[in-house]
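Trainee: Got data.cif for you, mmCIF, C-alpha atoms:
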```cif
data_start
#
loop_
_atom_site.label_atom_id
_atom_site.label_comp_id
_atom_site.auth_asym_id
_atom_site.auth_seq_id
_atom_site.Cartn_x
_atom_site.Cartn_y
_atom_site.Cartn_z
CA MET E 1 25.24 -2.33 26.63
CA LYS E 2 22.39 -0.08 27.72
CA HIS E 3 18.85 -0.62 26.47
CA ARG E 4 18.10 2.23 24.06
CA ILE E 5 14.64 3.80 24.38
CA VAL E 6 13.76 6.38 21.73
CA VAL E 7 10.64 8.56 22.05
CA LEU E 8 9.39 10.26 18.89
CA GLY E 9 7.49 13.45 19.69
CA ALA E 10 7.37 15.54 22.86
CA GLY E 11 3.71 16.45 22.99
CA TYR E 12 1.32 15.54 25.78
CA ALA E 13 1.97 11.80 25.36
CA GLY E 14 5.66 11.71 24.44
CA ALA E 15 6.93 14.14 27.06
CA TYR E 16 5.01 12.37 29.82
CA VAL E 17 6.16 8.88 28.86
CA ALA E 18 9.80 9.91 28.47
CA GLY E 19 9.93 11.63 31.85
CA THR E 20 8.15 8.82 33.64
CA LEU E 21 10.43 6.16 32.14
CA ALA E 22 13.45 8.20 33.22
CA ARG E 23 12.16 8.23 36.78
CA ARG E 24 11.28 4.55 36.95
CA LEU E 25 14.13 2.88 35.07
CA SER E 26 17.74 2.84 36.22
CA PRO E 27 20.13 4.92 34.07
CA ALA E 28 22.67 2.15 34.62
CA ASP E 29 20.63 -0.01 32.24
CA THR E 30 18.73 2.41 30.00
CA GLU E 31 19.40 5.32 27.69
CA ILE E 32 16.41 7.51 26.80
CA THR E 33 16.39 9.87 23.80
CA VAL E 34 13.53 12.18 22.85
CA VAL E 35 13.32 13.42 19.26
CA ASN E 36 11.26 16.55 18.63
CA ALA E 37 11.27 19.11 15.84
CA GLU E 38 10.63 22.12 18.11
CA PRO E 39 12.65 23.17 21.19
CA ASP E 40 9.59 23.94 23.30
CA PHE E 41 6.53 22.11 24.57
CA VAL E 42 3.46 23.10 22.57
CA GLN E 43 0.17 23.44 24.40
CA ARG E 44 -1.85 22.30 21.44
CA LEU E 45 -5.10 22.58 23.37
CA ARG E 46 -4.52 26.33 23.62
CA LEU E 47 -3.23 27.17 20.14
CA HIS E 48 -6.55 28.78 19.22
CA GLN E 49 -5.89 31.23 22.07
CA LEU E 50 -2.43 31.97 20.70
CA ALA E 51 -3.90 32.60 17.26
CA ALA E 52 -6.53 34.93 18.74
CA GLY E 53 -3.79 37.11 20.22
CA GLN E 54 -3.24 35.74 23.71
CA GLU E 55 0.07 34.64 25.20
CA ILE E 56 0.42 31.03 26.34
CA GLU E 57 3.28 29.30 28.07
CA ALA E 58 5.75 27.30 26.00
CA PRO E 59 8.23 25.61 28.38
CA GLN E 60 11.60 24.75 26.88
CA LEU E 61 12.00 20.99 26.58
CA ALA E 62 15.58 21.30 27.77
CA ASP E 63 14.18 22.69 31.04
CA VAL E 64 11.41 20.09 31.19
CA PHE E 65 13.93 17.24 30.96
CA ALA E 66 16.67 18.90 33.04
CA GLY E 67 18.05 16.52 35.64
CA THR E 68 16.29 13.46 34.21
CA GLY E 69 19.18 12.13 32.15
CA ILE E 70 17.04 12.25 29.00
CA ARG E 71 18.84 13.17 25.80
CA LEU E 72 16.95 15.71 23.69
CA ARG E 73 17.52 15.59 19.94
CA LEU E 74 16.00 18.53 18.06
CA ALA E 75 15.26 17.05 14.66
CA ARG E 76 12.51 16.04 12.28
CA VAL E 77 11.71 12.36 12.00
CA THR E 78 11.84 11.43 8.33
CA ALA E 79 11.52 7.63 8.46
CA VAL E 80 11.16 4.64 10.74
CA ASN E 81 12.59 1.23 9.91
CA PRO E 82 11.22 -1.26 12.43
CA GLU E 83 13.03 -4.17 10.81
CA ARG E 84 16.44 -2.60 11.37
CA GLN E 85 15.17 -0.78 14.49
CA VAL E 86 16.43 2.63 13.40
CA VAL E 87 14.88 6.09 13.01
CA ALA E 88 16.04 8.55 10.35
CA VAL E 89 16.21 12.22 11.39
CA ALA E 90 17.04 15.50 9.66
CA ASP E 91 17.64 19.19 10.39
CA GLY E 92 18.59 18.55 13.98
CA ASP E 93 20.64 20.34 16.59
CA GLY E 94 23.83 20.55 14.59
CA ASP E 95 24.36 16.84 14.21
CA GLY E 96 22.83 16.93 10.72
CA ASP E 97 20.99 14.07 9.09
CA GLY E 98 21.47 10.63 10.52
CA GLU E 99 19.98 7.56 12.15
CA LEU E 100 19.15 6.66 15.72
CA GLY E 101 19.10 3.02 16.71
CA TYR E 102 16.64 1.79 19.30
CA ASP E 103 15.72 -1.30 21.28
CA THR E 104 12.32 0.11 22.32
CA LEU E 105 10.52 2.82 20.36
CA LEU E 106 7.65 4.99 21.60
CA TYR E 107 5.94 6.56 18.58
CA ALA E 108 4.05 9.72 19.60
CA LEU E 109 4.27 12.06 16.62
CA GLY E 110 0.69 13.22 17.01
CA SER E 111 -1.45 14.60 14.20
CA HIS E 112 -1.76 17.57 11.87
CA VAL E 113 -4.49 19.28 9.89
CA ALA E 114 -6.22 17.18 7.22
CA ASP E 115 -7.24 18.90 4.00
CA HIS E 116 -9.27 15.88 2.77
CA GLY E 117 -8.10 16.64 -0.74
CA VAL E 118 -9.96 19.95 -0.93
CA PRO E 119 -8.21 22.20 -3.47
CA GLY E 120 -6.61 25.35 -2.10
CA VAL E 121 -6.47 24.39 1.58
CA ALA E 122 -2.68 24.04 1.65
CA GLU E 123 -2.14 27.24 -0.32
CA HIS E 124 -4.72 29.58 1.17
CA ALA E 125 -6.10 28.32 4.48
CA PHE E 126 -4.78 28.82 8.01
CA HIS E 127 -4.93 26.26 10.83
CA VAL E 128 -4.09 25.87 14.53
CA THR E 129 -2.52 22.40 14.78
CA GLY E 130 1.00 23.74 15.36
CA ARG E 131 2.61 26.75 17.01
CA PRO E 132 4.10 28.24 13.79
CA ALA E 133 0.71 27.87 12.08
CA ALA E 134 -1.12 29.55 14.96
CA LEU E 135 1.36 32.45 14.91
CA ARG E 136 0.88 32.79 11.16
CA LEU E 137 -2.89 33.09 11.66
CA ARG E 138 -2.32 35.55 14.49
CA GLU E 139 -0.22 37.75 12.20
CA ARG E 140 -2.98 37.69 9.61
CA LEU E 141 -5.63 38.64 12.18
CA ASP E 142 -3.40 41.48 13.39
CA SER E 143 -3.21 42.81 9.86
CA LEU E 144 -6.99 42.66 9.49
CA ASP E 145 -7.47 44.53 12.76
CA ALA E 146 -4.94 47.15 11.67
CA ARG E 147 -6.95 47.92 8.54
CA GLY E 148 -9.64 49.48 10.70
CA GLU E 149 -12.47 47.75 8.88
CA SER E 150 -14.43 44.60 9.59
CA GLY E 151 -12.23 41.83 8.27
CA ARG E 152 -13.99 38.57 7.45
CA VAL E 153 -12.84 35.38 9.17
CA LEU E 154 -14.32 32.07 8.03
CA VAL E 155 -13.79 28.99 10.21
CA VAL E 156 -14.47 25.79 8.29
CA GLY E 157 -15.34 22.81 10.49
CA ASP E 158 -17.66 22.54 13.48
CA GLY E 159 -15.71 20.03 15.56
CA LEU E 160 -14.30 21.02 18.93
CA THR E 161 -11.33 22.83 17.39
CA GLY E 162 -13.55 24.78 15.03
CA ILE E 163 -15.96 25.82 17.76
CA GLU E 164 -13.17 26.87 20.12
CA THR E 165 -11.32 28.76 17.39
CA ALA E 166 -14.39 30.67 16.18
CA THR E 167 -15.53 31.68 19.67
CA GLU E 168 -12.03 32.64 20.79
CA ILE E 169 -11.41 34.89 17.78
CA ALA E 170 -14.87 36.46 18.05
CA GLU E 171 -14.37 37.28 21.74
CA SER E 172 -10.75 38.46 21.47
CA ARG E 173 -11.22 40.45 18.26
CA PRO E 174 -14.72 41.94 18.27
CA GLY E 175 -13.85 44.15 15.29
CA LEU E 176 -13.70 41.13 12.99
CA SER E 177 -16.68 39.39 11.41
CA VAL E 178 -16.56 35.66 12.22
CA THR E 179 -18.47 32.94 10.37
CA LEU E 180 -18.52 29.25 11.30
CA ALA E 181 -19.29 26.81 8.48
CA ALA E 182 -20.73 23.55 9.85
CA ARG E 183 -21.02 20.46 7.68
CA GLY E 184 -24.15 19.36 9.56
CA GLU E 185 -26.14 20.65 12.50
CA LEU E 186 -24.04 22.79 14.85
CA GLY E 187 -23.12 20.81 17.95
CA ALA E 188 -24.78 17.64 16.67
CA PRO E 189 -22.88 15.30 19.06
CA PHE E 190 -23.99 17.32 22.11
CA SER E 191 -27.13 17.02 24.19
CA ALA E 192 -30.09 19.25 23.35
CA GLY E 193 -29.28 21.54 26.25
CA ALA E 194 -25.63 21.88 25.27
CA ARG E 195 -26.59 22.58 21.65
CA GLY E 196 -28.83 25.38 22.82
CA HIS E 197 -26.07 26.78 25.00
CA LEU E 198 -23.66 26.73 22.07
CA ARG E 199 -26.11 28.54 19.80
CA ARG E 200 -26.70 31.24 22.41
CA ALA E 201 -22.95 31.69 22.78
CA CYS E 202 -22.57 32.18 19.04
CA VAL E 203 -25.35 34.77 19.05
CA ARG E 204 -23.78 36.58 22.00
CA LEU E 205 -20.38 36.69 20.28
CA GLY E 206 -21.84 37.76 16.94
CA ILE E 207 -20.79 34.60 15.09
CA THR E 208 -22.68 33.78 11.91
CA VAL E 209 -23.34 30.03 11.74
CA LEU E 210 -23.88 28.33 8.39
CA GLU E 211 -25.15 24.78 8.85
CA HIS E 212 -25.16 21.95 6.29
CA THR E 213 -22.40 23.70 4.37
CA THR E 214 -19.76 21.70 2.49
CA VAL E 215 -16.69 23.56 1.26
CA GLU E 216 -15.29 22.21 -2.01
CA ALA E 217 -12.46 24.68 -2.68
CA VAL E 218 -10.53 27.41 -0.90
CA GLU E 219 -9.31 30.50 -2.72
CA ALA E 220 -7.34 33.51 -1.53
CA THR E 221 -10.39 35.64 -0.73
CA ARG E 222 -13.29 33.20 -0.73
CA VAL E 223 -14.39 29.59 -0.43
CA LEU E 224 -16.60 27.73 -2.87
CA CYS E 225 -19.40 25.54 -1.50
CA ALA E 226 -21.06 22.42 -2.85
CA ASP E 227 -24.35 24.25 -3.41
CA GLY E 228 -22.65 26.73 -5.73
CA THR E 229 -22.42 29.62 -3.29
CA ALA E 230 -19.20 31.54 -2.64
CA LEU E 231 -18.33 32.84 0.83
CA ALA E 232 -16.05 35.87 1.02
CA SER E 233 -13.16 35.49 3.45
CA ASP E 234 -10.07 37.50 4.36
CA ALA E 235 -8.79 34.64 6.53
CA THR E 236 -10.05 31.08 6.12
CA VAL E 237 -9.27 28.82 9.08
CA TRP E 238 -9.42 25.10 8.26
CA THR E 239 -10.41 22.89 11.20
CA ALA E 240 -12.18 20.10 9.32
CA GLY E 241 -10.33 17.13 10.77
CA PHE E 242 -6.90 15.74 11.59
CA ALA E 243 -4.48 13.34 9.94
CA VAL E 244 -1.38 11.51 11.13
CA SER E 245 2.04 11.34 9.52
CA PRO E 246 2.54 8.66 6.83
CA ILE E 247 5.87 7.70 8.40
CA ALA E 248 4.51 4.70 10.32
CA ALA E 249 2.77 3.26 7.27
CA ALA E 250 5.82 3.84 5.06
CA GLY E 251 7.96 1.99 7.58
CA GLY E 252 5.86 -1.15 7.34
CA LEU E 253 4.05 -0.94 10.68
CA GLU E 254 0.48 -2.22 10.67
CA VAL E 255 -1.76 0.83 10.48
CA THR E 256 -5.38 1.72 9.89
CA GLU E 257 -6.62 3.26 6.65
CA ASN E 258 -5.83 6.71 7.99
CA GLY E 259 -2.32 5.73 9.12
CA ARG E 260 -2.73 5.24 12.88
CA ILE E 261 -0.63 2.44 14.37
CA VAL E 262 -2.69 -0.59 15.39
CA VAL E 263 -1.80 -1.51 18.97
CA ASP E 264 -2.83 -4.14 21.49
CA ARG E 265 -4.22 -3.42 24.97
CA THR E 266 -0.74 -2.45 26.19
CA MET E 267 -0.12 0.05 23.35
CA ARG E 268 2.38 -2.26 21.64
CA SER E 269 2.32 -2.50 17.85
CA VAL E 270 0.58 -5.68 16.75
CA SER E 271 3.12 -6.09 13.94
CA HIS E 272 6.40 -5.03 15.59
CA PRO E 273 6.76 -5.79 19.32
CA SER E 274 9.64 -3.35 19.89
CA VAL E 275 7.38 -0.43 18.92
CA TYR E 276 4.78 1.23 21.14
CA ALA E 277 2.44 4.08 20.21
CA ALA E 278 0.59 6.71 22.23
CA GLY E 279 -1.56 9.74 21.60
CA ASP E 280 -3.13 10.54 18.24
CA SER E 281 -0.76 8.16 16.43
CA ALA E 282 -2.19 5.11 18.21
CA TYR E 283 -5.31 3.24 17.17
CA ALA E 284 -6.34 1.93 20.57
CA ILE E 285 -9.61 0.35 21.64
CA GLY E 286 -11.00 1.85 24.83
CA ASP E 287 -12.68 0.09 27.71
CA ASN E 288 -16.05 0.75 26.04
CA GLY E 289 -15.00 -1.30 23.01
CA ARG E 290 -14.70 1.75 20.76
CA PRO E 291 -11.57 3.37 19.32
CA LEU E 292 -10.27 6.17 21.50
CA PRO E 293 -10.67 9.56 19.81
CA MET E 294 -7.76 11.84 19.00
CA SER E 295 -7.61 14.00 22.12
CA CYS E 296 -5.43 15.15 25.00
CA ALA E 297 -7.29 12.78 27.31
CA SER E 298 -6.49 9.84 25.05
CA ALA E 299 -2.84 10.92 25.05
CA GLY E 300 -2.82 10.64 28.82
CA TYR E 301 -4.51 7.25 28.95
CA THR E 302 -2.45 5.67 26.17
CA GLY E 303 0.74 7.22 27.52
CA ARG E 304 0.21 5.75 30.96
CA GLN E 305 -0.55 2.30 29.55
CA ALA E 306 2.50 2.39 27.27
CA THR E 307 4.68 3.37 30.23
CA GLU E 308 3.45 0.49 32.37
CA ALA E 309 3.95 -1.95 29.50
CA ILE E 310 7.49 -0.84 28.72
CA VAL E 311 8.54 -0.90 32.37
CA GLY E 312 6.83 -4.24 32.95
CA ARG E 313 8.38 -6.01 29.99
CA LEU E 314 11.87 -4.63 30.56
CA THR E 315 11.87 -5.61 34.24
CA ASP E 316 9.87 -8.87 33.98
CA CYS E 317 7.09 -7.44 36.16
CA LYS E 318 3.34 -7.73 35.85
CA ILE E 319 1.78 -5.22 33.46
CA PRO E 320 -1.36 -3.60 34.87
CA ASN E 321 -4.22 -2.56 32.61
CA THR E 322 -4.65 1.17 33.14
CA LYS E 323 -7.92 2.88 32.27
CA LEU E 324 -8.68 3.58 28.63
CA GLU E 325 -11.74 5.78 28.91
CA TYR E 326 -13.63 8.33 26.86
CA LEU E 327 -15.67 10.32 29.35
CA GLY E 328 -16.66 13.39 27.40
CA ASN E 329 -15.60 16.75 26.02
CA HIS E 330 -14.61 20.06 27.57
CA ILE E 331 -15.13 22.94 25.15
CA SER E 332 -14.12 26.54 25.74
CA LEU E 333 -16.31 29.28 24.29
CA GLY E 334 -13.92 32.16 24.85
CA ARG E 335 -12.44 32.88 28.27
CA ARG E 336 -15.68 33.19 30.27
CA ASP E 337 -17.90 30.47 28.86
CA GLY E 338 -17.71 26.79 28.05
CA ILE E 339 -19.44 23.43 27.86
CA LEU E 340 -18.68 20.23 29.75
CA GLN E 341 -20.49 17.39 27.97
CA MET E 342 -20.14 13.89 29.40
CA VAL E 343 -20.92 10.76 27.38
CA ASP E 344 -22.16 7.28 28.22
CA ASP E 345 -20.57 3.89 27.47
CA GLU E 346 -21.87 4.12 23.90
CA ALA E 347 -20.12 7.48 23.45
CA GLN E 348 -23.50 9.21 23.27
CA ALA E 349 -24.03 12.55 25.00
CA LYS E 350 -25.70 12.37 28.39
CA PRO E 351 -28.77 14.62 28.80
CA LYS E 352 -27.18 16.88 31.40
CA TYR E 353 -24.27 19.21 30.75
CA VAL E 354 -22.37 21.96 32.56
CA GLY E 355 -22.16 25.35 30.87
CA GLY E 356 -21.10 28.92 31.50
CA ARG E 357 -18.34 30.17 33.78
CA LYS E 358 -18.24 26.93 35.76
CA ALA E 359 -17.44 24.94 32.63
CA ALA E 360 -14.86 27.55 31.62
CA ARG E 361 -13.15 27.22 35.01
CA ILE E 362 -13.13 23.43 34.72
CA LYS E 363 -11.56 23.64 31.26
CA ALA E 364 -8.96 26.13 32.48
CA GLY E 365 -8.13 23.81 35.37
CA ILE E 366 -7.68 20.86 33.02
CA LEU E 367 -5.34 22.89 30.81
CA LYS E 368 -3.32 24.06 33.79
CA MET E 369 -3.06 20.53 35.16
CA SER E 370 -2.04 19.13 31.76
CA LEU E 371 0.73 21.70 31.40
CA TRP E 372 2.01 21.14 34.92
CA ALA E 373 2.01 17.35 34.58
CA THR E 374 3.86 17.55 31.28
CA SER E 375 6.37 20.12 32.61
CA HIS E 376 7.02 17.97 35.70
CA PRO E 377 6.85 14.43 34.27
CA THR E 378 8.84 12.84 37.07
CA PHE E 379 7.05 14.44 40.02
CA GLY E 380 5.52 12.16 42.63
CA LEU E 381 6.92 8.90 41.31
CA PRO E 382 9.06 6.50 43.38
CA ARG E 383 12.69 7.57 43.57
CA ARG E 384 13.89 3.97 43.50
CA LYS E 385 14.60 2.99 39.92
CA HIS E 386 14.03 -0.48 38.52
CA ARG E 387 16.93 -2.36 37.00
CA LEU E 388 16.28 -4.24 33.81
CA ALA E 389 15.96 -7.99 33.71
CA ALA E 390 19.06 -9.81 32.51
CA ALA E 391 17.52 -10.44 29.10
CA PRO E 392 14.19 -8.62 28.72
CA ASP E 393 11.99 -10.32 26.18
CA ALA E 394 9.50 -8.57 23.92
CA SER E 395 6.73 -10.95 25.00
CA ALA E 396 7.65 -11.10 28.69
CA GLY E 397 5.95 -9.32 31.55
CA GLU E 398 2.54 -10.94 31.50
CA LYS E 399 3.20 -12.46 34.90
CA ALA E 400 4.74 -11.04 38.05
CA VAL E 401 8.25 -12.37 38.55
CA GLY E 402 9.73 -9.40 40.35
CA GLY E 403 12.09 -6.91 38.75
CA ARG E 404 15.25 -5.74 40.45
CA VAL E 405 15.24 -2.31 42.04
CA ALA E 406 18.16 0.08 42.45
CA ALA E 407 18.31 2.63 45.20
#
```
Turn the structure described in the file into structure tokens.
Mentor:
Amino acid sequence: MKHRIVVLGAGYAGAYVAGTLARRLSPADTEITVVNAEPDFVQRLRLHQLAAGQEIEAPQLADVFAGTGIRLRLARVTAVNPERQVVAVADGDGDGDGELGYDTLLYALGSHVADHGVPGVAEHAFHVTGRPAALRLRERLDSLDARGESGRVLVVGDGLTGIETATEIAESRPGLSVTLAARGELGAPFSAGARGHLRRACVRLGITVLEHTTVEAVEATRVLCADGTALASDATVWTAGFAVSPIAAAGGLEVTENGRIVVDRTMRSVSHPSVYAAGDSAYAIGDNGRPLPMSCASAGYTGRQATEAIVGRLTDCKIPNTKLEYLGNHISLGRRDGILQMVDDEAQAKPKYVGGRKAARIKAGILKMSLWATSHPTFGLPRRKHRLAAAPDASAGEKAVGGRVAA
């Protein structure tokens, strides 16, 4: 009987891991299934561009996995039962509700917007953590532009997503009035030079910045702040943090307080050895001793480590420790400006930064490379596929004993 590998989620981490496993493991021994709710690959790093009115590529997953032998199941994951080693799915590709059994599970369901319990966010606010949500915001911005008057857009949250969303909308839709509400000082994690660059960009784009502003409620046409003020808004965009699905916690996996799966250095669940996690769903400690942040870069690092661990354990080969780094942030400020801010081993901003068109080109290159790597997950890997060990053990693979290889 073939070893069943099920990958939950086909984002930056899941699509890469699935394709790489298909290239490295023999189909004579393994069966790989990817479960994803949407039929296309979502460039989450560019959803603020989609919302602003630009077109971005969305490769069909069927095309991405063509020729790999991977089975694509279009469905929502509703539950995980690691004791029975099954996944419950719903609203799929015609198969209806059901269960998928697995021998090895890669959990990469990513994250979604977090409302932090603020009243009105779910009912009235927009966000850019999914393609349908970004298109909904885009439709709203289109309607504001069509009115022929200065519609008011309020972006709540001054993290990377908030900054990129505010600057992108301001540049793409100069007829709208854009305000960015920052909980603290704008660009606080950046170096002094990068903070100055960010402020100048906001001035150039006509963005009103409100610092030390805490939003306590969102209404249809305004938000209410902790200091008693009310900010008028025709479109409130909520970017104040991310949350992960409660599915892992509900299934009994060991998770953090915010629901991320606790993993060891090889991205394997510390409570259930047949489960691995990658991307935003994984609580992984980086090489600097700090938890890796939710980011595309972390998806790449954790995905590569999970791949090596799964292959190593299934073939009784040595498992290498791949890099788990947090090097810095690349922030776009519209299409012609950006900031590249590197950090030290303590995750503190280094004094120097790269800004302007050069930073924008670097960010564009990273996005292009990420899309290409995800769309071609099997490119450049050895064509010889490893056969599984006779009886792969969940705890095996810590020493090199030599896996079999099939031509």
Trainee: Using all atoms listed in the file, can you tell me which of E:Leu231, E:Glu346, E:Glu308, E:Ser375 comes closest to Asp287 (chain E)?
Mentor: E:Glu346
Trainee: Taking the file above as input, evaluate the PyMOL selection byres ((chain E and resi 3) around 7) and report the hits as a PDB file with C-alpha atoms, keeping the file's coordinate frame.
Mentor:
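Once written, result-v4.pdb looks like this:
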```pdb
ATOM      1  CA  MET E   1      25.240  -2.330  26.630  1.00  0.00           C
ATOM      2  CA  LYS E   2      22.390  -0.080  27.720  1.00  0.00           C
ATOM      3  CA  ARG E   4      18.100   2.230  24.060  1.00  0.00           C
ATOM      4  CA  ILE E   5      14.640   3.800  24.380  1.00  0.00           C
ATOM      5  CA  ASP E  29      20.630  -0.010  32.240  1.00  0.00           C
ATOM      6  CA  THR E  30      18.730   2.410  30.000  1.00  0.00           C
ATOM      7  CA  GLU E  31      19.400   5.320  27.690  1.00  0.00           C
ATOM      8  CA  ASP E 103      15.720  -1.300  21.280  1.00  0.00           C
TER       9      ASP E 103
END
```
Trainee: Taking only C-alpha atoms into account, name the residue in E:Val86, E:Ala220, E:Val178, E:Ala373 that is nearest to Cys202 (chain E).
Mentor: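 Checking each of E:Val86, E:Ala220, E:Val178, E:Ala373 against Cys202 (chain E), counting only C-alpha atoms, the winner is E:Val178.
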Trainee: Translate the PyMOL selection byres ((chain E and resi 147-155) around 9), as applied to the file shown, into an explicit residue set as a ChimeraX atom specification.
Mentor: /E:141-146,156-158,162-163,165-166,169,175-182,222-223,231-239
Trainee: Excluding same-chain residues fewer than 3 positions from Thr307 (chain E), what lies within 8 Å of it counting all atoms listed in the file, as a PyMOL selection string?
Mentor: chain E and resi 17+20-21+303-304+310-311
Trainee: Contacts between region 359-363 of chain E and region 274-355 of chain E, please, where a residue of region 274-355 of chain E counts if it comes within 10 Å (with all atoms listed in the file); show its shortest atom pair and distance in Å to one decimal, rows by chain and ascending number, as JSON lines.
Mentor:
```
{"residue": "E:Asn329", "atom": "CA", "partner": "E:Lys363", "partner_atom": "CA", "distance": 9.6}
{"residue": "E:His330", "atom": "CA", "partner": "E:Lys363", "partner_atom": "CA", "distance": 6.0}
{"residue": "E:Ile331", "atom": "CA", "partner": "E:Lys363", "partner_atom": "CA", "distance": 7.1}
{"residue": "E:Ser332", "atom": "CA", "partner": "E:Ala360", "partner_atom": "CA", "distance": 6.0}
{"residue": "E:Leu333", "atom": "CA", "partner": "E:Ala360", "partner_atom": "CA", "distance": 7.7}
{"residue": "E:Gly334", "atom": "CA", "partner": "E:Ala360", "partner_atom": "CA", "distance": 8.2}
{"residue": "E:Arg335", "atom": "CA", "partner": "E:Ala360", "partner_atom": "CA", "distance": 6.7}
{"residue": "E:Arg336", "atom": "CA", "partner": "E:Ala360", "partner_atom": "CA", "distance": 5.9}
{"residue": "E:Asp337", "atom": "CA", "partner": "E:Ala360", "partner_atom": "CA", "distance": 5.0}
{"residue": "E:Gly338", "atom": "CA", "partner": "E:Ala360", "partner_atom": "CA", "distance": 4.6}
{"residue": "E:Ile339", "atom": "CA", "partner": "E:Ala359", "partner_atom": "CA", "distance": 5.4}
{"residue": "E:Leu340", "atom": "CA", "partner": "E:Ala359", "partner_atom": "CA", "distance": 5.7}
{"residue": "E:Gln341", "atom": "CA", "partner": "E:Ala359", "partner_atom": "CA", "distance": 9.4}
{"residue": "E:Tyr353", "atom": "CA", "partner": "E:Ala359", "partner_atom": "CA", "distance": 9.1}
{"residue": "E:Val354", "atom": "CA", "partner": "E:Ala359", "partner_atom": "CA", "distance": 5.8}
{"residue": "E:Gly355", "atom": "CA", "partner": "E:Ala359", "partner_atom": "CA", "distance": 5.1}
```
Trainee: Figure out the distance between CA of Met294 (chain E) and CA of Ala15 (chain E), please, to one decimal in Å.
Mentor: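 Spanning CA of Ala15 (chain E) to CA of Met294 (chain E) is a straight-line distance of 16.9 Å.
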Trainee: Please compute the CA of Thr229 (chain E)-CA of His212 (chain E) distance, one decimal, in Å.
Mentor: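 These two atoms are separated by 12.6 Å.
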Trainee: Run through the PyMOL selection byres ((chain E and resi 117-134) around 8) on the given coordinates and return the selected residues as a list in words.
Mentor: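 This file, filtered by the PyMOL selection byres ((chain E and resi 117-134) around 8), leaves Val42, Arg44, Leu47, His48, Leu50, Ala51, Ser111, His112, Val113, Asp115, His116, Leu135, Arg136, Leu137, Arg138, Val215, Glu216, Ala217, Val218, Glu219, Ala220, Ala235, Thr236, Val237, Trp238 and Thr239 of chain E.
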Trainee: Choose the residue, out of E:Ala240, E:Ala194, E:Ala364, E:Leu160, that has the smallest atom-to-atom separation from Ser295 (chain E); count only C-alpha atoms.
Mentor: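 Of all the options, E:Leu160 lies closest to Ser295 (chain E).
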Trainee: Please determine, counting only C-alpha atoms, which residue among E:Arg290, E:Arg183, E:His272, E:His376 has the shortest atom-to-atom distance to Val80 (chain E).
Mentor: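 Smallest distance to Val80 (chain E) is found for E:His272.
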Trainee: How many Å separate CA of Val203 (chain E) from CA of Gly187 (chain E)?
Mentor: 14.2 Å
Trainee: Can you pull out the residues contacting Val77 (chain E)? Cut-off 10 Å, using all atoms listed in the file, and skip same-chain residues under 2 positions away; I want them as a ChimeraX atom specification.
Mentor: /E:8-9,35-37,74-75,79-80,87-92,97,99,109,247
Trainee: With C-alpha atoms retained, could you export that selection as an mmCIF file, keeping the file's coordinate frame?
Mentor:
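So the final result, stored in result-v5.cif, reads:
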```cif
data_model
loop_
_atom_site.group_PDB
_atom_site.id
_atom_site.type_symbol
_atom_site.label_atom_id
_atom_site.label_comp_id
_atom_site.auth_asym_id
_atom_site.auth_seq_id
_atom_site.Cartn_x
_atom_site.Cartn_y
_atom_site.Cartn_z
ATOM 1 C CA LEU E 8 9.390 10.260 18.890
ATOM 2 C CA GLY E 9 7.490 13.450 19.690
ATOM 3 C CA VAL E 35 13.320 13.420 19.260
ATOM 4 C CA ASN E 36 11.260 16.550 18.630
ATOM 5 C CA ALA E 37 11.270 19.110 15.840
ATOM 6 C CA LEU E 74 16.000 18.530 18.060
ATOM 7 C CA ALA E 75 15.260 17.050 14.660
ATOM 8 C CA ALA E 79 11.520 7.630 8.460
ATOM 9 C CA VAL E 80 11.160 4.640 10.740
ATOM 10 C CA VAL E 87 14.880 6.090 13.010
ATOM 11 C CA ALA E 88 16.040 8.550 10.350
ATOM 12 C CA VAL E 89 16.210 12.220 11.390
ATOM 13 C CA ALA E 90 17.040 15.500 9.660
ATOM 14 C CA ASP E 91 17.640 19.190 10.390
ATOM 15 C CA GLY E 92 18.590 18.550 13.980
ATOM 16 C CA ASP E 97 20.990 14.070 9.090
ATOM 17 C CA GLU E 99 19.980 7.560 12.150
ATOM 18 C CA LEU E 109 4.270 12.060 16.620
ATOM 19 C CA ILE E 247 5.870 7.700 8.400
#
```
